[in-house]
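A.B. asks: Questions regarding the structure given below will be posed in turn.
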Amino acid sequence: MSSKILSQINNNVDESIYSDFNSMTEYFESTLNGDKELYKYFAIEDDPTFVENIIRDNTIKFGDPNEFNDPFECRSVIGVTSFEYTKRQLDEITRNSGKIYSENALLRAYDNIVSISLKNYRKRLSKYGILCLSGTWDNVLMWAHYANSHKGIIIIFQFDKDNCFYDRMRKVQYKKGVSYFEIDHPNSAKKNWESMSTKDTYWKYENEYRIINPQSEIQLNDGNGIKTFPRELLKGIIFGCRTIPKVRESIINMVSRYCPTLKLFDIIINNSEVKLHKVLIERPTIAAL
């Protein structure tokens with residue numbers, strides 16, 4: 001008999017992608033487009049009030065990973081109780097009882113302990129908040145899935161490798177399958193970050209970057225929710241090609257009132273190609289509305 005989990009344990013951390021850079025944020029900068037921008041897609045029906053909160057108060061929601069649309073969220077790399085810990089526990093039990101156990105019994109005990117701990121995994125995730133961003137503004141599928149079938153908007157953030165807002169950012173890595181790491185291993189802290197920033201290859205089209213916010217204290221579940229961000233990182237807004245005109249006008253008025261330096265863009269399409277084009281909204285146009 002063999003353990004289903006034990007064969008998938010991988011405590012190693014692959015940092016080769018960062019090896020040519022002085023810091024992780026320097027690596028991020030190298031992967032972004034020429035404008036060094038990050039994009040947050042938003043769905044909008046007919047009430048853009050939350051946009052006002054973003055541009056007026058520089059606040060944005062860090063989501064609970066349990067509420068994301070992927071049922072396998074944060075489950076490509078999972079922290080579990082170590083095999084050695086299980087063996088020590090079983091040794092203690094059998095020493096006190098005078099009984100002995102077989103290797104098969106040990107493996108069954110290990111799989112049972114891991115199964116129980118996995119049931120609590122979702123609860124542990126709720127302690128964190130994640131702001132999901134993309135390095136791509138012109139992905140048709142992203143607009144369809146996350147911006148209400150192109151009726152929504154994108155908020156543009158300027159990436160700055162020296163701004164502490166990005167200190168907890170990770171570029172999502174995409175891989176097939178599931179692996180586990182031992183929570184008492186010296187690499188467990190790094191593997192925990194890996195767990196939060198690894199997804200199946202199905203999601204590779206998102207070109208995702210994640211800012212991961214842990215709880216402020218170990219007993220609190222306050223990593224997610226509404227958080228502030230540095231105002232200087234807010235760069236602009238892109239309107240979808242189907243954004244409702246009254247929503248577009250309302251947001252333009254908000255920008256004029258609270259943050260007139262933001263750049264505003266419309267998405268346009270033409271019949272000669274399947275491609276989204278971004279067009280700057282000139283300031284005279286804004287003033288005339």
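Chain lettering (A, B, ...) mirrors the order of the structure tokens, residue numbering begins at 1 for each chain separately, and ligand numbering begins at 1 in order of display.
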Can you tell me, as number ranges by chain, what residues are no more than 7 Å from range 125-133 of chain A when counting only C-alpha atoms, ignoring any on the same chain fewer than 3 positions away?
C.D. replies: A: 38-40, 62-66, 121-122, 208-215, 220-225
A.B. asks: Keeping only C-alpha atoms, write the selected residues as a PDB file, in the first residue's frame.
C.D. replies:
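Result file is part14.pdb:
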ATOM      1  CA  LEU A  38      -1.701  46.495 -14.307  1.00  0.00           C
ATOM      2  CA  TYR A  39      -5.398  46.164 -15.001  1.00  0.00           C
ATOM      3  CA  LYS A  40      -8.399  45.393 -12.815  1.00  0.00           C
ATOM      4  CA  PHE A  62      -9.344  42.440  -1.621  1.00  0.00           C
ATOM      5  CA  GLY A  63     -11.408  39.308  -2.200  1.00  0.00           C
ATOM      6  CA  ASP A  64     -11.823  36.192  -0.077  1.00  0.00           C
ATOM      7  CA  PRO A  65     -10.257  33.335  -2.093  1.00  0.00           C
ATOM      8  CA  ASN A  66     -13.196  31.124  -1.134  1.00  0.00           C
ATOM      9  CA  TYR A 121      -8.127  24.466   4.537  1.00  0.00           C
ATOM     10  CA  ARG A 122     -10.951  26.641   3.203  1.00  0.00           C
ATOM     11  CA  GLU A 208      -2.655  37.333 -13.653  1.00  0.00           C
ATOM     12  CA  TYR A 209      -0.775  39.158 -10.920  1.00  0.00           C
ATOM     13  CA  ARG A 210      -1.926  38.947  -7.311  1.00  0.00           C
ATOM     14  CA  ILE A 211      -1.409  41.250  -4.368  1.00  0.00           C
ATOM     15  CA  ILE A 212      -1.827  39.014  -1.324  1.00  0.00           C
ATOM     16  CA  ASN A 213      -2.862  40.547   1.968  1.00  0.00           C
ATOM     17  CA  PRO A 214      -2.532  38.385   5.106  1.00  0.00           C
ATOM     18  CA  GLN A 215      -4.429  38.962   8.328  1.00  0.00           C
ATOM     19  CA  LEU A 220      -8.102  37.754  12.924  1.00  0.00           C
ATOM     20  CA  ASN A 221      -9.768  37.157   9.547  1.00  0.00           C
ATOM     21  CA  ASP A 222      -9.221  40.689   8.252  1.00  0.00           C
ATOM     22  CA  GLY A 223      -6.964  40.061   5.270  1.00  0.00           C
ATOM     23  CA  ASN A 224      -9.860  40.580   2.868  1.00  0.00           C
ATOM     24  CA  GLY A 225     -12.324  43.430   2.505  1.00  0.00           C
TER      25      GLY A 225
END
A.B. asks: For Leu233 in chain A, work out the shell of residues within 8 Å, counting only C-alpha atoms and skipping chain neighbours fewer than 5 positions away, then give it as a ChimeraX atom specification.
C.D. replies: /A:157-160
A.B. asks: With C-alpha atoms retained, write the just-selected residues as an mmCIF file, in the first residue's frame.
C.D. replies:
data_model
loop_
_atom_site.group_PDB
_atom_site.id
_atom_site.type_symbol
_atom_site.label_atom_id
_atom_site.label_comp_id
_atom_site.auth_asym_id
_atom_site.auth_seq_id
_atom_site.Cartn_x
_atom_site.Cartn_y
_atom_site.Cartn_z
ATOM 1 C CA PHE A 157 -2.822 50.904 -12.023
ATOM 2 C CA GLN A 158 0.715 52.108 -12.587
ATOM 3 C CA PHE A 159 3.297 49.560 -11.509
ATOM 4 C CA ASP A 160 6.150 50.992 -9.462
#
A.B. asks: Determine which residues of range 69-231 of chain A DSSP labels as alpha helix (DSSP H) from the backbone of this structure, then write them out as a VMD selection string.
C.D. replies: chain A and resid 83 to 97 103 to 119 121 to 125 140 to 146 188 to 196
A.B. asks: Could you pull out the strand (DSSP E) residues of range 183-225 of chain A from DSSP and send them as number ranges by chain?
C.D. replies: A: 198-199, 208-213, 225
A.B. asks: For Phe68 in chain A, which of A:Asn253, A:Tyr146, A:Gly177, A:Lys227 is the closest residue, counting only C-alpha atoms?
C.D. replies: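 Nearest candidate to Phe68 in chain A out of A:Asn253, A:Tyr146, A:Gly177, A:Lys227: A:Tyr146.
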A.B. asks: Quote the spacing between CA of Asn112 in chain A and CA of Lys191 in chain A in Å to one decimal place.
C.D. replies: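 A separation of 22.4 Å between them.
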A.B. asks: Identify, on the basis of only C-alpha atoms, every residue whose closest approach to Leu264 in chain A does not exceed 7 Å; exclude the query and any residue fewer than 6 positions from it along the same chain; express the result as an mmCIF file with N, CA and C atoms, in the first residue's frame.
C.D. replies:
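And here's selection19.cif as it stands now:
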data_model
loop_
_atom_site.group_PDB
_atom_site.id
_atom_site.type_symbol
_atom_site.label_atom_id
_atom_site.label_comp_id
_atom_site.auth_asym_id
_atom_site.auth_seq_id
_atom_site.Cartn_x
_atom_site.Cartn_y
_atom_site.Cartn_z
ATOM 1 N N GLY A 236 -5.790 55.384 -14.702
ATOM 2 C CA GLY A 236 -6.835 55.637 -15.690
ATOM 3 C C GLY A 236 -7.954 54.617 -15.657
ATOM 4 N N ILE A 237 -8.884 54.788 -16.580
ATOM 5 C CA ILE A 237 -10.050 53.912 -16.712
ATOM 6 C C ILE A 237 -10.276 53.625 -18.193
ATOM 7 N N ILE A 238 -10.606 52.378 -18.489
ATOM 8 C CA ILE A 238 -10.950 51.978 -19.851
ATOM 9 C C ILE A 238 -12.406 51.539 -19.855
ATOM 10 N N LEU A 280 -7.902 57.118 -26.605
ATOM 11 C CA LEU A 280 -7.932 58.127 -25.543
ATOM 12 C C LEU A 280 -9.109 59.073 -25.728
ATOM 13 N N ILE A 281 -9.837 59.345 -24.633
ATOM 14 C CA ILE A 281 -10.910 60.337 -24.646
ATOM 15 C C ILE A 281 -10.273 61.698 -24.392
#
A.B. asks: Find the nearest atom pair between each residue of range 62-87 of chain A and range 192-202 of chain A for residues within 10 Å, count only C-alpha atoms, give distances in Å to one decimal, sort rows by chain and ascending number, and present the table as JSON lines.
C.D. replies:
{"residue": "A:Pro65", "atom": "CA", "partner": "A:Met196", "partner_atom": "CA", "distance": 8.8}
{"residue": "A:Asp70", "atom": "CA", "partner": "A:Lys199", "partner_atom": "CA", "distance": 9.1}
{"residue": "A:Phe72", "atom": "CA", "partner": "A:Lys199", "partner_atom": "CA", "distance": 8.1}
{"residue": "A:Glu73", "atom": "CA", "partner": "A:Lys199", "partner_atom": "CA", "distance": 7.1}
{"residue": "A:Cys74", "atom": "CA", "partner": "A:Met196", "partner_atom": "CA", "distance": 5.2}
{"residue": "A:Arg75", "atom": "CA", "partner": "A:Ser195", "partner_atom": "CA", "distance": 6.9}
{"residue": "A:Ser76", "atom": "CA", "partner": "A:Lys199", "partner_atom": "CA", "distance": 6.0}
{"residue": "A:Val77", "atom": "CA", "partner": "A:Ser195", "partner_atom": "CA", "distance": 4.6}
{"residue": "A:Ile78", "atom": "CA", "partner": "A:Ser195", "partner_atom": "CA", "distance": 6.1}
{"residue": "A:Gly79", "atom": "CA", "partner": "A:Asn192", "partner_atom": "CA", "distance": 7.1}
A.B. asks: Could you write those residues out with N, CA and C atoms, as an mmCIF file, in the first residue's frame?
C.D. replies:
data_model
loop_
_atom_site.group_PDB
_atom_site.id
_atom_site.type_symbol
_atom_site.label_atom_id
_atom_site.label_comp_id
_atom_site.auth_asym_id
_atom_site.auth_seq_id
_atom_site.Cartn_x
_atom_site.Cartn_y
_atom_site.Cartn_z
ATOM 1 N N PRO A 65 -10.500 34.368 -1.080
ATOM 2 C CA PRO A 65 -10.257 33.335 -2.093
ATOM 3 C C PRO A 65 -11.368 32.296 -2.186
ATOM 4 N N ASP A 70 -13.072 30.047 -9.307
ATOM 5 C CA ASP A 70 -12.389 28.779 -9.543
ATOM 6 C C ASP A 70 -12.588 27.857 -8.335
ATOM 7 N N PHE A 72 -11.106 25.285 -7.616
ATOM 8 C CA PHE A 72 -9.810 24.762 -7.205
ATOM 9 C C PHE A 72 -8.866 25.881 -6.772
ATOM 10 N N GLU A 73 -9.430 27.012 -6.406
ATOM 11 C CA GLU A 73 -8.625 28.161 -6.002
ATOM 12 C C GLU A 73 -7.686 27.806 -4.859
ATOM 13 N N CYS A 74 -6.391 28.146 -5.039
ATOM 14 C CA CYS A 74 -5.356 27.890 -4.037
ATOM 15 C C CYS A 74 -5.226 26.408 -3.692
ATOM 16 N N ARG A 75 -5.584 25.544 -4.621
ATOM 17 C CA ARG A 75 -5.503 24.105 -4.362
ATOM 18 C C ARG A 75 -4.587 23.396 -5.358
ATOM 19 N N SER A 76 -3.769 24.142 -6.074
ATOM 20 C CA SER A 76 -2.752 23.514 -6.912
ATOM 21 C C SER A 76 -1.529 23.147 -6.081
ATOM 22 N N VAL A 77 -1.290 23.936 -5.012
ATOM 23 C CA VAL A 77 -0.199 23.671 -4.067
ATOM 24 C C VAL A 77 -0.795 23.799 -2.666
ATOM 25 N N ILE A 78 -0.762 22.723 -1.895
ATOM 26 C CA ILE A 78 -1.486 22.684 -0.625
ATOM 27 C C ILE A 78 -0.552 22.257 0.514
ATOM 28 N N GLY A 79 -0.617 22.977 1.614
ATOM 29 C CA GLY A 79 0.166 22.630 2.798
ATOM 30 C C GLY A 79 -0.543 21.574 3.636
#
A.B. asks: In terms of the shortest atom-to-atom distance over only C-alpha atoms, which of A:Cys164, A:Ile93, A:Ile154, A:Met24 is closest to Phe239 in chain A?
C.D. replies: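 Result for the nearest residue to Phe239 in chain A: A:Ile154.
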A.B. asks: Given the choices A:Val140, A:Ile269, A:Ile9, A:Val80, which gets closest to Ser115 in chain A if the distance is worked out from only C-alpha atoms?
C.D. replies: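 For Ser115 in chain A, the nearest of the candidates is A:Val80.
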A.B. asks: Excluding Gly34 in chain A and its own-chain neighbours fewer than 2 positions away, which residues fall within 12 Å of it when counting only C-alpha atoms? Please give them as a list of chain:residue names.
C.D. replies: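 So the residues in contact are A:Glu29, A:Ser30, A:Thr31, A:Leu32, A:Lys36, A:Glu37, A:Leu38, A:Gly135, A:Thr136, A:Gln158, A:Phe159.
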A.B. asks: Measure the distance from CA of Thr49 in chain A to CA of Ser250 in chain A in Å and round it to one decimal.
C.D. replies: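 CA of Thr49 in chain A sits 9.3 Å away from CA of Ser250 in chain A.
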